[in-house]
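A.B. asks: For reference, the file entry-v4.pdb (PDB, C-alpha atoms) is included below:
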ATOM      1  CA  MET A   1      15.620 -11.012 -12.607
ATOM      2  CA  ALA A   2      13.951  -8.988 -15.326
ATOM      3  CA  SER A   3      10.264  -9.512 -16.031
ATOM      4  CA  PRO A   4       9.311  -8.926 -19.683
ATOM      5  CA  PHE A   5       5.847  -7.739 -18.797
ATOM      6  CA  ASP A   6       3.798  -6.396 -15.932
ATOM      7  CA  ILE A   7       1.215  -8.088 -13.789
ATOM      8  CA  ASP A   8      -1.567  -5.625 -14.671
ATOM      9  CA  GLU A   9      -1.461  -6.927 -18.246
ATOM     10  CA  ILE A  10      -2.667 -10.275 -16.930
ATOM     11  CA  TYR A  11      -4.996  -9.615 -14.023
ATOM     12  CA  PRO A  12      -7.810  -7.076 -14.452
ATOM     13  CA  ASP A  13      -8.037  -3.895 -12.420
ATOM     14  CA  ASP A  14     -11.564  -3.633 -11.068
ATOM     15  CA  GLY A  15     -11.850   0.115 -11.528
ATOM     16  CA  ASP A  16     -13.875   1.270  -8.517
ATOM     17  CA  HIS A  17     -12.861  -1.755  -6.424
ATOM     18  CA  GLU A  18     -10.346  -1.230  -3.611
ATOM     19  CA  LEU A  19      -8.075  -3.994  -4.886
ATOM     20  CA  ARG A  20      -5.444  -2.587  -7.244
ATOM     21  CA  LEU A  21      -2.870  -4.975  -8.606
ATOM     22  CA  PRO A  22       0.559  -3.547  -9.526
ATOM     23  CA  ARG A  23       0.591  -1.158 -12.468
ATOM     24  CA  ARG A  24       3.068  -0.843 -15.311
ATOM     25  CA  GLN A  25       6.573   0.310 -14.506
ATOM     26  CA  ALA A  26       9.865   0.223 -16.369
ATOM     27  CA  GLY A  27      12.401  -2.526 -15.714
ATOM     28  CA  ASN A  28      12.129  -4.983 -12.848
ATOM     29  CA  SER A  29       8.892  -5.110 -10.866
ATOM     30  CA  PRO A  30       9.477  -6.049  -7.212
ATOM     31  CA  GLN A  31       5.719  -5.910  -6.628
ATOM     32  CA  GLY A  32       5.065  -8.305  -9.495
ATOM     33  CA  VAL A  33       7.739 -10.722  -8.258
ATOM     34  CA  ALA A  34       6.313 -10.536  -4.720
ATOM     35  CA  VAL A  35       2.809 -11.368  -5.945
ATOM     36  CA  THR A  36       4.151 -14.251  -8.047
ATOM     37  CA  LEU A  37       6.057 -15.709  -5.091
ATOM     38  CA  LEU A  38       3.085 -15.512  -2.740
ATOM     39  CA  ALA A  39       0.721 -16.942  -5.356
ATOM     40  CA  ASP A  40       3.090 -19.780  -6.249
ATOM     41  CA  TYR A  41       3.295 -21.052  -2.659
ATOM     42  CA  THR A  42       0.332 -19.712  -0.646
ATOM     43  CA  LEU A  43      -2.545 -19.165  -3.083
ATOM     44  CA  ARG A  44      -4.646 -22.097  -1.843
ATOM     45  CA  THR A  45      -4.192 -21.374   1.856
ATOM     46  CA  ARG A  46      -3.532 -17.620   2.019
ATOM     47  CA  VAL A  47      -1.200 -18.412   4.892
ATOM     48  CA  PRO A  48       0.578 -15.316   6.298
ATOM     49  CA  LEU A  49       4.369 -15.224   5.880
ATOM     50  CA  PRO A  50       6.754 -13.166   8.038
ATOM     51  CA  SER A  51       7.676  -9.976   6.221
ATOM     52  CA  ALA A  52      11.353 -10.778   6.842
ATOM     53  CA  ALA A  53      10.916 -14.079   4.994
ATOM     54  CA  ILE A  54       9.268 -12.343   2.037
ATOM     55  CA  VAL A  55      12.139  -9.837   1.955
ATOM     56  CA  ALA A  56      14.671 -12.688   2.036
ATOM     57  CA  LEU A  57      12.938 -14.569  -0.801
ATOM     58  CA  LEU A  58      12.745 -11.414  -2.898
ATOM     59  CA  GLY A  59      16.418 -10.797  -2.182
ATOM     60  CA  GLU A  60      17.246 -14.140  -3.794
ATOM     61  CA  THR A  61      15.636 -12.886  -7.015
ATOM     62  CA  GLY A  62      17.748  -9.722  -7.018
ATOM     63  CA  VAL A  63      15.349  -7.325  -5.278
ATOM     64  CA  THR A  64      17.080  -5.084  -2.742
ATOM     65  CA  THR A  65      15.948  -5.061   0.887
ATOM     66  CA  ALA A  66      14.633  -1.511   0.524
ATOM     67  CA  GLY A  67      12.876  -2.414  -2.729
ATOM     68  CA  ALA A  68      11.294  -5.487  -1.140
ATOM     69  CA  ARG A  69       9.989  -3.557   1.859
ATOM     70  CA  THR A  70       8.606  -0.823  -0.371
ATOM     71  CA  ALA A  71       6.911  -3.418  -2.588
ATOM     72  CA  ILE A  72       5.252  -5.091   0.416
ATOM     73  CA  SER A  73       4.055  -1.756   1.777
ATOM     74  CA  ARG A  74       2.593  -0.688  -1.563
ATOM     75  CA  LEU A  75       0.874  -4.027  -2.103
ATOM     76  CA  ALA A  76      -0.703  -3.731   1.335
ATOM     77  CA  ARG A  77      -1.947  -0.211   0.536
ATOM     78  CA  ARG A  78      -3.428  -1.476  -2.731
ATOM     79  CA  GLY A  79      -5.366  -4.229  -0.981
ATOM     80  CA  VAL A  80      -3.340  -7.056  -2.525
ATOM     81  CA  LEU A  81      -1.784  -8.021   0.813
ATOM     82  CA  GLU A  82      -3.205  -8.056   4.341
ATOM     83  CA  GLY A  83      -0.892  -7.414   7.272
ATOM     84  CA  SER A  84      -0.851  -8.725  10.831
ATOM     85  CA  ARG A  85       1.476  -8.302  13.778
ATOM     86  CA  LEU A  86       2.480 -10.615  16.616
ATOM     87  CA  GLY A  87       4.763  -8.798  19.032
ATOM     88  CA  ARG A  88       7.468  -7.209  16.893
ATOM     89  CA  ARG A  89       6.942  -9.602  13.971
ATOM     90  CA  SER A  90       4.917  -8.468  10.985
ATOM     91  CA  SER A  91       3.369 -10.961   8.575
ATOM     92  CA  TYR A  92       1.518 -10.609   5.284
ATOM     93  CA  ARG A  93      -0.791 -12.768   3.212
ATOM     94  CA  LEU A  94      -2.743 -12.406  -0.012
ATOM     95  CA  SER A  95      -6.091 -10.730   0.470
ATOM     96  CA  ARG A  96      -9.144 -12.762  -0.438
ATOM     97  CA  GLY A  97      -9.857 -10.536  -3.422
ATOM     98  CA  ALA A  98      -6.299 -10.836  -4.711
ATOM     99  CA  ALA A  99      -6.341 -14.614  -4.284
ATOM    100  CA  ALA A 100      -9.585 -14.857  -6.235
ATOM    101  CA  SER A 101      -8.233 -12.673  -9.064
ATOM    102  CA  LEU A 102      -4.952 -14.569  -9.187
ATOM    103  CA  SER A 103      -6.772 -17.906  -9.240
ATOM    104  CA  ALA A 104      -8.976 -16.761 -12.121
ATOM    105  CA  GLY A 105      -5.923 -15.439 -13.920
ATOM    106  CA  ALA A 106      -3.983 -18.668 -13.443
ATOM    107  CA  HIS A 107      -6.901 -20.711 -14.800
ATOM    108  CA  TRP A 108      -7.179 -18.387 -17.795
ATOM    109  CA  ILE A 109      -3.426 -18.546 -18.484
ATOM    110  CA  LEU A 110      -3.462 -22.311 -18.843
ATOM    111  CA  THR A 111      -6.839 -22.822 -20.533
ATOM    112  CA  SER A 112      -5.996 -20.130 -23.082
ATOM    113  CA  THR A 113      -2.971 -22.114 -24.194
ATOM    114  CA  THR A 114      -4.487 -25.608 -24.033
ATOM    115  CA  SER A 115      -7.999 -25.138 -25.453
ATOM    116  CA  THR A 116      -8.814 -27.170 -28.577
ATOM    117  CA  VAL A 117     -12.132 -25.464 -29.352
ATOM    118  CA  ARG A 118     -12.552 -25.154 -33.117
ATOM    119  CA  TRP A 119     -13.067 -21.685 -34.551
ATOM    120  CA  ASP A 120     -16.440 -21.071 -36.205
ATOM    121  CA  GLY A 121     -15.036 -18.486 -38.614
ATOM    122  CA  CYS A 122     -16.744 -15.560 -36.875
ATOM    123  CA  TRP A 123     -15.300 -12.502 -35.161
ATOM    124  CA  THR A 124     -16.657 -10.627 -32.158
ATOM    125  CA  VAL A 125     -16.404  -6.880 -32.702
ATOM    126  CA  VAL A 126     -16.602  -4.371 -29.838
ATOM    127  CA  ALA A 127     -17.118  -0.766 -30.938
ATOM    128  CA  PHE A 128     -17.069   2.076 -28.416
ATOM    129  CA  SER A 129     -16.878   5.850 -28.290
ATOM    130  CA  LEU A 130     -16.079   7.661 -25.071
ATOM    131  CA  PRO A 131     -15.503  11.428 -24.772
ATOM    132  CA  GLN A 132     -12.085  12.801 -23.877
ATOM    133  CA  GLU A 133     -13.163  13.701 -20.335
ATOM    134  CA  LEU A 134     -13.782   9.984 -19.643
ATOM    135  CA  SER A 135     -10.154   9.021 -20.292
ATOM    136  CA  GLY A 136      -9.996   6.928 -17.114
ATOM    137  CA  GLN A 137     -13.058   4.950 -18.148
ATOM    138  CA  ARG A 138     -11.581   4.466 -21.621
ATOM    139  CA  ARG A 139      -8.329   3.116 -20.145
ATOM    140  CA  ALA A 140     -10.290   0.739 -17.920
ATOM    141  CA  LEU A 141     -12.306  -0.495 -20.904
ATOM    142  CA  ARG A 142      -9.185  -1.089 -22.985
ATOM    143  CA  ALA A 143      -7.529  -2.955 -20.114
ATOM    144  CA  GLN A 144     -10.622  -5.117 -19.711
ATOM    145  CA  LEU A 145     -10.731  -5.848 -23.447
ATOM    146  CA  ARG A 146      -7.089  -6.926 -23.329
ATOM    147  CA  TRP A 147      -7.961  -9.174 -20.400
ATOM    148  CA  LEU A 148     -10.781 -10.694 -22.453
ATOM    149  CA  GLY A 149      -8.432 -11.411 -25.374
ATOM    150  CA  TYR A 150      -9.344  -8.520 -27.678
ATOM    151  CA  ALA A 151      -7.009  -6.389 -29.805
ATOM    152  CA  PRO A 152      -7.584  -3.036 -31.550
ATOM    153  CA  LEU A 153      -8.200  -3.357 -35.279
ATOM    154  CA  TYR A 154      -8.880   0.390 -35.420
ATOM    155  CA  ASP A 155      -9.211   3.082 -32.785
ATOM    156  CA  GLY A 156     -12.416   2.357 -30.875
ATOM    157  CA  LEU A 157     -12.956  -0.981 -32.616
ATOM    158  CA  TRP A 158     -11.599  -4.122 -30.939
ATOM    159  CA  ILE A 159     -11.968  -7.706 -32.116
ATOM    160  CA  SER A 160     -11.643 -11.286 -30.926
ATOM    161  CA  PRO A 161     -12.157 -14.645 -32.645
ATOM    162  CA  ARG A 162     -14.034 -15.892 -29.553
ATOM    163  CA  ASP A 163     -17.635 -15.266 -28.534
ATOM    164  CA  LEU A 164     -18.439 -12.868 -25.721
ATOM    165  CA  ASN A 165     -19.787 -14.882 -22.795
ATOM    166  CA  ALA A 166     -22.320 -13.645 -20.242
ATOM    167  CA  PRO A 167     -19.835 -12.585 -17.504
ATOM    168  CA  ALA A 168     -17.824 -10.617 -20.066
ATOM    169  CA  ARG A 169     -20.960  -8.911 -21.346
ATOM    170  CA  ALA A 170     -21.927  -7.909 -17.808
ATOM    171  CA  ARG A 171     -18.438  -6.560 -17.152
ATOM    172  CA  LEU A 172     -18.441  -4.423 -20.307
ATOM    173  CA  ASP A 173     -21.915  -3.089 -19.442
ATOM    174  CA  GLN A 174     -20.630  -2.045 -16.037
ATOM    175  CA  LEU A 175     -17.589  -0.279 -17.480
ATOM    176  CA  THR A 176     -19.203   1.544 -20.377
ATOM    177  CA  LEU A 177     -22.740   2.431 -19.237
ATOM    178  CA  GLY A 178     -24.186   1.818 -22.689
ATOM    179  CA  ALA A 179     -21.368   3.418 -24.719
ATOM    180  CA  VAL A 180     -20.397   0.145 -26.396
ATOM    181  CA  THR A 181     -21.886  -2.016 -29.158
ATOM    182  CA  VAL A 182     -21.023  -5.679 -29.759
ATOM    183  CA  PHE A 183     -21.377  -7.583 -33.040
ATOM    184  CA  ARG A 184     -20.455 -11.115 -34.078
ATOM    185  CA  GLY A 185     -20.151 -12.299 -37.659
ATOM    186  CA  ARG A 186     -17.908 -13.251 -40.550
ATOM    187  CA  GLN A 187     -15.635 -10.855 -42.354
ATOM    188  CA  ALA A 188     -16.918  -9.718 -45.756
ATOM    189  CA  PRO A 189     -13.745  -9.634 -47.890
ATOM    190  CA  LEU A 190     -13.377  -6.731 -50.294
ATOM    191  CA  GLY A 191     -12.165  -6.978 -53.854
ATOM    192  CA  SER A 192      -9.215  -4.734 -53.072
ATOM    193  CA  ALA A 193      -5.981  -6.442 -52.102
ATOM    194  CA  ILE A 194      -5.173  -3.726 -49.574
ATOM    195  CA  HIS A 195      -8.002  -4.311 -47.088
ATOM    196  CA  ARG A 196      -6.969  -5.123 -43.528
ATOM    197  CA  ALA A 197      -7.689  -8.654 -42.347
ATOM    198  CA  PRO A 198      -8.880  -8.986 -38.710
ATOM    199  CA  ILE A 199      -5.911 -11.193 -37.786
ATOM    200  CA  GLU A 200      -3.688  -8.164 -38.470
ATOM    201  CA  ALA A 201      -4.852  -6.690 -35.167
ATOM    202  CA  TRP A 202      -2.208  -9.000 -33.697
ATOM    203  CA  ASP A 203       1.491  -8.935 -34.600
ATOM    204  CA  VAL A 204       1.706 -12.605 -35.539
ATOM    205  CA  GLU A 205       5.413 -12.473 -36.378
ATOM    206  CA  ALA A 206       6.264 -10.889 -33.017
ATOM    207  CA  ILE A 207       4.182 -13.501 -31.168
ATOM    208  CA  SER A 208       5.996 -16.261 -33.041
ATOM    209  CA  ARG A 209       9.350 -14.761 -32.053
ATOM    210  CA  SER A 210       8.229 -14.638 -28.422
ATOM    211  CA  TYR A 211       7.308 -18.330 -28.472
ATOM    212  CA  ASP A 212      10.631 -19.165 -30.114
ATOM    213  CA  ALA A 213      12.564 -17.156 -27.520
ATOM    214  CA  PHE A 214      10.689 -18.915 -24.714
ATOM    215  CA  LEU A 215      11.556 -22.342 -26.110
ATOM    216  CA  ARG A 216      15.210 -21.396 -26.618
ATOM    217  CA  ARG A 217      15.440 -20.026 -23.064
ATOM    218  CA  TRP A 218      13.890 -22.970 -21.224
ATOM    219  CA  THR A 219      14.531 -26.098 -23.303
ATOM    220  CA  PRO A 220      18.232 -26.339 -22.285
ATOM    221  CA  LEU A 221      17.260 -26.273 -18.590
ATOM    222  CA  LEU A 222      14.714 -29.092 -18.832
ATOM    223  CA  PRO A 223      17.175 -32.043 -18.463
ATOM    224  CA  ALA A 224      18.530 -30.535 -15.235
ATOM    225  CA  VAL A 225      14.977 -30.008 -13.961
ATOM    226  CA  VAL A 226      14.019 -33.620 -14.725
ATOM    227  CA  SER A 227      17.178 -35.002 -13.087
ATOM    228  CA  GLY A 228      16.657 -32.923  -9.933
ATOM    229  CA  GLU A 229      19.806 -30.850 -10.353
ATOM    230  CA  VAL A 230      17.980 -27.525  -9.898
ATOM    231  CA  ASP A 231      17.401 -27.001  -6.187
ATOM    232  CA  GLY A 232      17.168 -24.372  -3.469
ATOM    233  CA  ALA A 233      17.031 -20.709  -4.389
ATOM    234  CA  ALA A 234      17.786 -21.548  -8.020
ATOM    235  CA  ALA A 235      14.581 -23.592  -8.231
ATOM    236  CA  VAL A 236      12.498 -20.738  -6.838
ATOM    237  CA  ARG A 237      14.137 -18.189  -9.151
ATOM    238  CA  ALA A 238      13.622 -20.329 -12.248
ATOM    239  CA  ARG A 239      10.036 -21.148 -11.325
ATOM    240  CA  THR A 240       9.207 -17.479 -10.749
ATOM    241  CA  GLU A 241      10.832 -16.444 -14.020
ATOM    242  CA  VAL A 242       9.152 -19.128 -16.130
ATOM    243  CA  MET A 243       5.748 -18.129 -14.732
ATOM    244  CA  ASP A 244       6.430 -14.413 -15.234
ATOM    245  CA  THR A 245       7.380 -15.097 -18.848
ATOM    246  CA  PHE A 246       4.724 -17.639 -19.818
ATOM    247  CA  ARG A 247       1.741 -15.804 -18.353
ATOM    248  CA  ARG A 248       2.065 -13.112 -21.011
ATOM    249  CA  PHE A 249       1.180 -15.470 -23.860
ATOM    250  CA  PRO A 250      -2.620 -15.495 -23.371
ATOM    251  CA  VAL A 251      -2.553 -11.710 -23.839
ATOM    252  CA  LEU A 252      -0.298 -11.951 -26.894
ATOM    253  CA  ASP A 253      -2.048 -15.002 -28.368
ATOM    254  CA  PRO A 254      -5.629 -15.295 -27.013
ATOM    255  CA  GLN A 255      -6.437 -18.612 -28.743
ATOM    256  CA  LEU A 256      -5.938 -17.097 -32.187
ATOM    257  CA  PRO A 257      -7.388 -19.481 -34.806
ATOM    258  CA  VAL A 258      -4.753 -21.921 -36.042
ATOM    259  CA  GLU A 259      -6.397 -21.683 -39.472
ATOM    260  CA  LEU A 260      -5.075 -18.128 -39.732
ATOM    261  CA  LEU A 261      -1.615 -18.763 -38.272
ATOM    262  CA  PRO A 262       1.632 -19.977 -39.856
ATOM    263  CA  GLU A 263       2.187 -23.717 -39.967
ATOM    264  CA  GLY A 264       3.906 -25.136 -36.904
ATOM    265  CA  TRP A 265       2.532 -22.536 -34.467
ATOM    266  CA  LEU A 266       4.429 -22.937 -31.180
ATOM    267  CA  ARG A 267       1.583 -22.373 -28.687
ATOM    268  CA  ARG A 268       1.316 -26.032 -27.617
ATOM    269  CA  PRO A 269       5.117 -26.730 -27.408
ATOM    270  CA  ALA A 270       5.522 -23.614 -25.246
ATOM    271  CA  GLN A 271       2.689 -24.692 -22.936
ATOM    272  CA  GLU A 272       4.127 -28.194 -22.581
ATOM    273  CA  LEU A 273       7.590 -26.818 -21.788
ATOM    274  CA  PHE A 274       6.162 -24.388 -19.237
ATOM    275  CA  ALA A 275       4.288 -27.209 -17.482
ATOM    276  CA  ALA A 276       7.391 -29.417 -17.437
ATOM    277  CA  VAL A 277       9.575 -26.717 -15.867
ATOM    278  CA  TYR A 278       6.993 -25.201 -13.514
ATOM    279  CA  ASP A 279       5.744 -28.542 -12.173
ATOM    280  CA  GLY A 280       9.181 -30.156 -12.278
ATOM    281  CA  LEU A 281      10.549 -27.490  -9.925
ATOM    282  CA  ALA A 282       7.542 -27.505  -7.572
ATOM    283  CA  ALA A 283       8.975 -29.862  -4.932
ATOM    284  CA  PRO A 284      12.493 -28.359  -4.581
ATOM    285  CA  ALA A 285      11.126 -24.822  -4.713
ATOM    286  CA  GLU A 286       8.554 -25.579  -2.020
ATOM    287  CA  ARG A 287      11.262 -27.079   0.213
ATOM    288  CA  HIS A 288      13.371 -23.958  -0.140
ATOM    289  CA  VAL A 289      10.500 -21.569   0.576
ATOM    290  CA  ARG A 290       9.627 -23.595   3.674
ATOM    291  CA  ALA A 291      13.266 -23.457   4.819
ATOM    292  CA  VAL A 292      13.494 -19.690   4.359
ATOM    293  CA  VAL A 293      10.194 -19.064   6.156
ATOM    294  CA  ALA A 294      11.261 -21.380   9.017
ATOM    295  CA  ARG A 295      14.215 -19.069   9.724
ATOM    296  CA  PHE A 296      11.796 -16.267  10.593
ATOM    297  CA  ALA A 297       8.822 -18.177  12.044
ATOM    298  CA  ASP A 298       8.192 -20.457  15.018
ATOM    299  CA  GLY A 299       8.422 -23.938  13.524
ATOM    300  CA  THR A 300       7.394 -25.126  10.085
ATOM    301  CA  GLN A 301       4.508 -23.630   8.125
ATOM    302  CA  PRO A 302       2.116 -26.297   6.761
ATOM    303  CA  GLY A 303       0.266 -23.763   4.635
ATOM    304  CA  ILE A 304       3.140 -23.413   2.158
ATOM    305  CA  ARG A 305       2.276 -25.519  -0.877
ATOM    306  CA  ALA A 306       3.639 -25.187  -4.388
ATOM    307  CA  HIS A 307       0.956 -24.246  -6.901
ATOM    308  CA  THR A 308       0.968 -26.534  -9.968
ATOM    309  CA  THR A 309      -0.547 -26.489 -13.448
ATOM    310  CA  ALA A 310      -3.153 -28.980 -12.218
ATOM    311  CA  ASP A 311      -4.161 -26.418  -9.575
ATOM    312  CA  MET A 312      -4.283 -23.726 -12.247
ATOM    313  CA  LEU A 313      -6.692 -25.785 -14.338
ATOM    314  CA  ALA A 314      -8.840 -26.856 -11.402
ATOM    315  CA  GLY A 315      -9.121 -23.406  -9.847
ATOM    316  CA  VAL A 316      -8.450 -22.665  -6.212
ATOM    317  CA  ARG A 317     -10.776 -23.384  -3.331
ATOM    318  CA  LEU A 318      -9.408 -21.306  -0.496
ATOM    319  CA  GLU A 319      -8.715 -23.278   2.672
ATOM    320  CA  ALA A 320     -10.123 -20.949   5.297
ATOM    321  CA  SER A 321      -8.868 -22.845   8.340
ATOM    322  CA  LEU A 322      -5.229 -22.484   7.348
ATOM    323  CA  ALA A 323      -5.736 -18.993   6.006
ATOM    324  CA  GLU A 324      -7.167 -17.723   9.280
ATOM    325  CA  ARG A 325      -4.769 -19.575  11.595
ATOM    326  CA  GLY A 326      -2.574 -17.190  13.498
ATOM    327  CA  HIS A 327      -3.840 -14.109  11.638
ATOM    328  CA  GLY A 328      -4.551 -11.274  13.962
ATOM    329  CA  GLY A 329      -5.270  -7.594  13.513
ATOM    330  CA  ALA A 330      -3.884  -5.473  10.709
ATOM    331  CA  ALA A 331      -0.310  -4.353  10.985
ATOM    332  CA  GLY A 332       0.539  -0.723  10.844
TER     333      GLY A 332
END
What's the C-alpha cells form of this structure?
C.D. replies:
Amino acid sequence: MASPFDIDEIYPDDGDHELRLPRRQAGNSPQGVAVTLLADYTLRTRVPLPSAAIVALLGETGVTTAGARTAISRLARRGVLEGSRLGRRSSYRLSRGAAASLSAGAHWILTSTTSTVRWDGCWTVVAFSLPQELSGQRRALRAQLRWLGYAPLYDGLWISPRDLNAPARARLDQLTLGAVTVFRGRQAPLGSAIHRAPIEAWDVEAISRSYDAFLRRWTPLLPAVVSGEVDGAAAVRARTEVMDTFRRFPVLDPQLPVELLPEGWLRRPAQELFAAVYDGLAAPAERHVRAVVARFADGTQPGIRAHTTADMLAGVRLEASLAERGHGGAAG
C-alpha cells in the first residue's frame, strides 16, 4: 500500500529531543504504516502489542516480514516505540512522547480542515537568515514552519494567513536563537501586474487536484462502508490508507482563506468523506486487530480501541493503568 507522503511532514521533529519520528524515504514507508496502525488502535491506552502481531498486521498491508521487523527496530531506536519482553515474547507500545505528538498531530489534522474562523485579511510573515554552517538548524526551522502551516514566498521568507500563537512563538525562539523576525499585516499591492501575491506561495491548482483525487478514490467505497461490507483485513487496510492520505491536507492547505480560493473549494467535502470512511470502518477494523493480536497474546487485549475523529478533536488523555499493565523492562 503506497503512502503519498511521509509521516515527518505531519508530526514535528523536536530537534535535540530523543524522539525522532520516521524521516522521508522513497516509496512505501513501513515505519509510517506501523506508526499509523499503532496510533489508530492503541493511542489512548499505549497498550503493548506482541511484535509478532505487529508484523502480521503490517504484512496485511503489503509490508514484508523483514521490512516489518526492521521498521519496529528502527522505531524503537528512535524513541517512537518502547519494547518489553516476557519470556521469549517481545512486545512494543508507543512511547509517551510519541503518543503526545501523534495526539497533537491528529487534533491539528482535523481542526485544520474543519475550522470556520474568518480571515482578517492579514498575513504573518516569518523572515530568517541562517549561515550555511547552520544547515541543520535551517532544516529544522523549515520543518517547523511547515508544521505551523507556513509556505515559502521567497527564500528565507515564509508566510501564513493565520496569526502566530504563543506556543508557536516560543518554539521558533528555541529553534532560531534570535535569527528570525515575525511581522503581521496586510499586503500592499503594487501597480505592476507582475507582483507576486502571497497566496502564490501555495500551488492552489495542485491542492485542488489532490482533493479531487481523494474524493474520486474514496467516494465509490462509501456505500460498502455504510452497509458493513468492508470487514477484516480489508477494513484495516482501507482505514490506514485513508488516514495516510488525508493527513497530508493540513500541510498542503493550512486553512487557506476561502476568499482567495476558487469557488467550490473541496476542503469540507474531503473532510466529511474522510470522517465517514475512517469512523465507518472503526468497528470492523478494531475487531480484526483484536483477532490478530489474540493469536499472539494470552487472551483478549482490552486496550485495543479504534481511534475516531471524535477522539482526534477531543485530544487524547492517556490511560495510564492500561498502558502500564503487563509492561516490564525494555527488550533488547
A.B. asks: Check the smallest atom-to-atom distance from each of A:Leu281, A:Val289, A:Val226, A:Ala39 to Ser101 (chain A) using all atoms listed in the file, then report the winner.
C.D. replies: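 Once distances to Ser101 (chain A) are computed over all atoms listed in the file, the minimum belongs to A:Ala39.
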A.B. asks: What does the PyMOL selection byres ((chain A and resi 280) around 12) select in this file, as a PyMOL selection string?
C.D. replies: chain A and resi 221-231+235-236+238-239+242+272-279+281-286+306-309
A.B. asks: Rounded to one decimal in Å, what is the spacing between CA of Phe246 (chain A) and CA of Pro48 (chain A)?
C.D. replies: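 Atom-to-atom, CA of Phe246 (chain A) and CA of Pro48 (chain A) are spaced 26.5 Å apart.
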A.B. asks: Please indicate the distance in Å from CA of Ala294 (chain A) to CA of Glu241 (chain A), rounded to one decimal place.
C.D. replies: 23.6 Å
A.B. asks: I'd like to see the residues matched by the PyMOL selection byres ((chain A and resi 30-33) around 6) on this file, and ideally I'd get them as a list in words.
C.D. replies: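 This file gives the following for the PyMOL selection byres ((chain A and resi 30-33) around 6): Ile7, Ser29, Ala34, Val35, Thr36 and Ala71 of chain A.
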A.B. asks: Report as a VMD selection string the residues that result from applying the PyMOL selection byres ((chain A and resi 100) around 10) to the structure here.
C.D. replies: chain A and resid 43 to 44 94 to 99 101 to 106 315 to 318
A.B. asks: Output C-alpha atoms of each residue in that selection to a file, as a JSON list (two decimals), keeping the file's coordinate frame.
C.D. replies:
[["chain", "number", "residue", "atom", "x", "y", "z"],
["A", 43, "LEU", "CA", -2.54, -19.16, -3.08],
["A", 44, "ARG", "CA", -4.65, -22.10, -1.84],
["A", 94, "LEU", "CA", -2.74, -12.41, -0.01],
["A", 95, "SER", "CA", -6.09, -10.73, 0.47],
["A", 96, "ARG", "CA", -9.14, -12.76, -0.44],
["A", 97, "GLY", "CA", -9.86, -10.54, -3.42],
["A", 98, "ALA", "CA", -6.30, -10.84, -4.71],
["A", 99, "ALA", "CA", -6.34, -14.61, -4.28],
["A", 101, "SER", "CA", -8.23, -12.67, -9.06],
["A", 102, "LEU", "CA", -4.95, -14.57, -9.19],
["A", 103, "SER", "CA", -6.77, -17.91, -9.24],
["A", 104, "ALA", "CA", -8.98, -16.76, -12.12],
["A", 105, "GLY", "CA", -5.92, -15.44, -13.92],
["A", 106, "ALA", "CA", -3.98, -18.67, -13.44],
["A", 315, "GLY", "CA", -9.12, -23.41, -9.85],
["A", 316, "VAL", "CA", -8.45, -22.66, -6.21],
["A", 317, "ARG", "CA", -10.78, -23.38, -3.33],
["A", 318, "LEU", "CA", -9.41, -21.31, -0.50]]
A.B. asks: Which residue out of A:Thr219, A:Ala143, A:Gln187, A:Thr181 has the minimum interatomic distance to Ser129 (chain A) when all atoms listed in the file are used?
C.D. replies: A:Thr181
A.B. asks: Find the residues near Phe128 (chain A): any atom within 8 Å, counting all atoms listed in the file, skip ones fewer than 4 places away on the same chain, and give them as an NGL selection string.
C.D. replies: :A and (156-157 or 179-181)
A.B. asks: So how many Å separate CA of Arg290 (chain A) and CA of Ala66 (chain A), to one decimal?
C.D. replies: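 Atom-to-atom, CA of Arg290 (chain A) to CA of Ala66 (chain A), that is 22.9 Å.
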A.B. asks: Could you pull the residues within 10 Å of Val125 (chain A), counting only C-alpha atoms, minus those fewer than 5 positions along the same chain, as a ChimeraX atom specification?
C.D. replies: /A:150-153,157-164,181-185,198
A.B. asks: If we count only C-alpha atoms and set the cut-off at 9 Å, which residues sit around Leu252 (chain A), ignoring sequence neighbours fewer than 6 positions away in its own chain? Please answer as a PDB file with C-alpha atoms, in the coordinates of the input.
C.D. replies:
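Everything below was put into selection11.pdb:
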ATOM      1  CA  GLY A 149      -8.432 -11.411 -25.374  1.00  0.00           C
ATOM      2  CA  TRP A 202      -2.208  -9.000 -33.697  1.00  0.00           C
ATOM      3  CA  ASP A 203       1.491  -8.935 -34.600  1.00  0.00           C
ATOM      4  CA  VAL A 204       1.706 -12.605 -35.539  1.00  0.00           C
ATOM      5  CA  ILE A 207       4.182 -13.501 -31.168  1.00  0.00           C
TER       6      ILE A 207
END
A.B. asks: Which residues, written as a ChimeraX atom specification, have at least one atom at most 10 Å from Pro269 (chain A), with all atoms listed in the file counted and residues fewer than 5 positions away on the same chain left out?
C.D. replies: /A:113,211-212,214-215,264,274-275
A.B. asks: Identify which of the residues A:Trp108, A:Phe296, A:Trp265, A:Trp123 lies closest to Pro250 (chain A), counting only C-alpha atoms when measuring atom-to-atom distances.
C.D. replies: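 For Pro250 (chain A), the nearest of the candidates is A:Trp108.
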A.B. asks: Which residues are close to Ile72 (chain A), i.e. within 10 Å by only C-alpha atoms, leaving aside same-chain residues fewer than 2 positions away? Reply as a list of chain:residue names.
C.D. replies: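 With the cut-off at 10 Å, the set is A:Pro30, A:Gln31, A:Ala34, A:Val35, A:Ser51, A:Ile54, A:Val55, A:Gly67, A:Ala68, A:Arg69, A:Thr70, A:Arg74, A:Leu75, A:Ala76, A:Arg77, A:Arg78, A:Val80, A:Leu81, A:Glu82, A:Gly83, A:Tyr92.
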A.B. asks: Find the residue from A:Asp155, A:Val47, A:Ala234, A:Asp253 that sits nearest to Leu130 (chain A); use all atoms listed in the file when measuring.
C.D. replies: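 Nearest to Leu130 (chain A): A:Asp155.
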A.B. asks: Could I get region 80-90 of chain A from the block written out with C-alpha atoms, as a JSON list (two decimals), in the first residue's frame?
C.D. replies:
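Below is the file that was written, part.json:
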[["chain", "number", "residue", "atom", "x", "y", "z"],
["A", 80, "VAL", "CA", 8.85, 6.15, 18.99],
["A", 81, "LEU", "CA", 8.29, 2.66, 20.40],
["A", 82, "GLU", "CA", 9.16, 1.13, 23.78],
["A", 83, "GLY", "CA", 9.95, -2.57, 23.98],
["A", 84, "SER", "CA", 9.34, -5.17, 26.68],
["A", 85, "ARG", "CA", 9.92, -8.89, 26.95],
["A", 86, "LEU", "CA", 8.06, -11.66, 28.74],
["A", 87, "GLY", "CA", 9.89, -14.95, 28.33],
["A", 88, "ARG", "CA", 10.58, -15.28, 24.61],
["A", 89, "ARG", "CA", 7.80, -12.88, 23.60],
["A", 90, "SER", "CA", 8.67, -9.31, 22.71]]
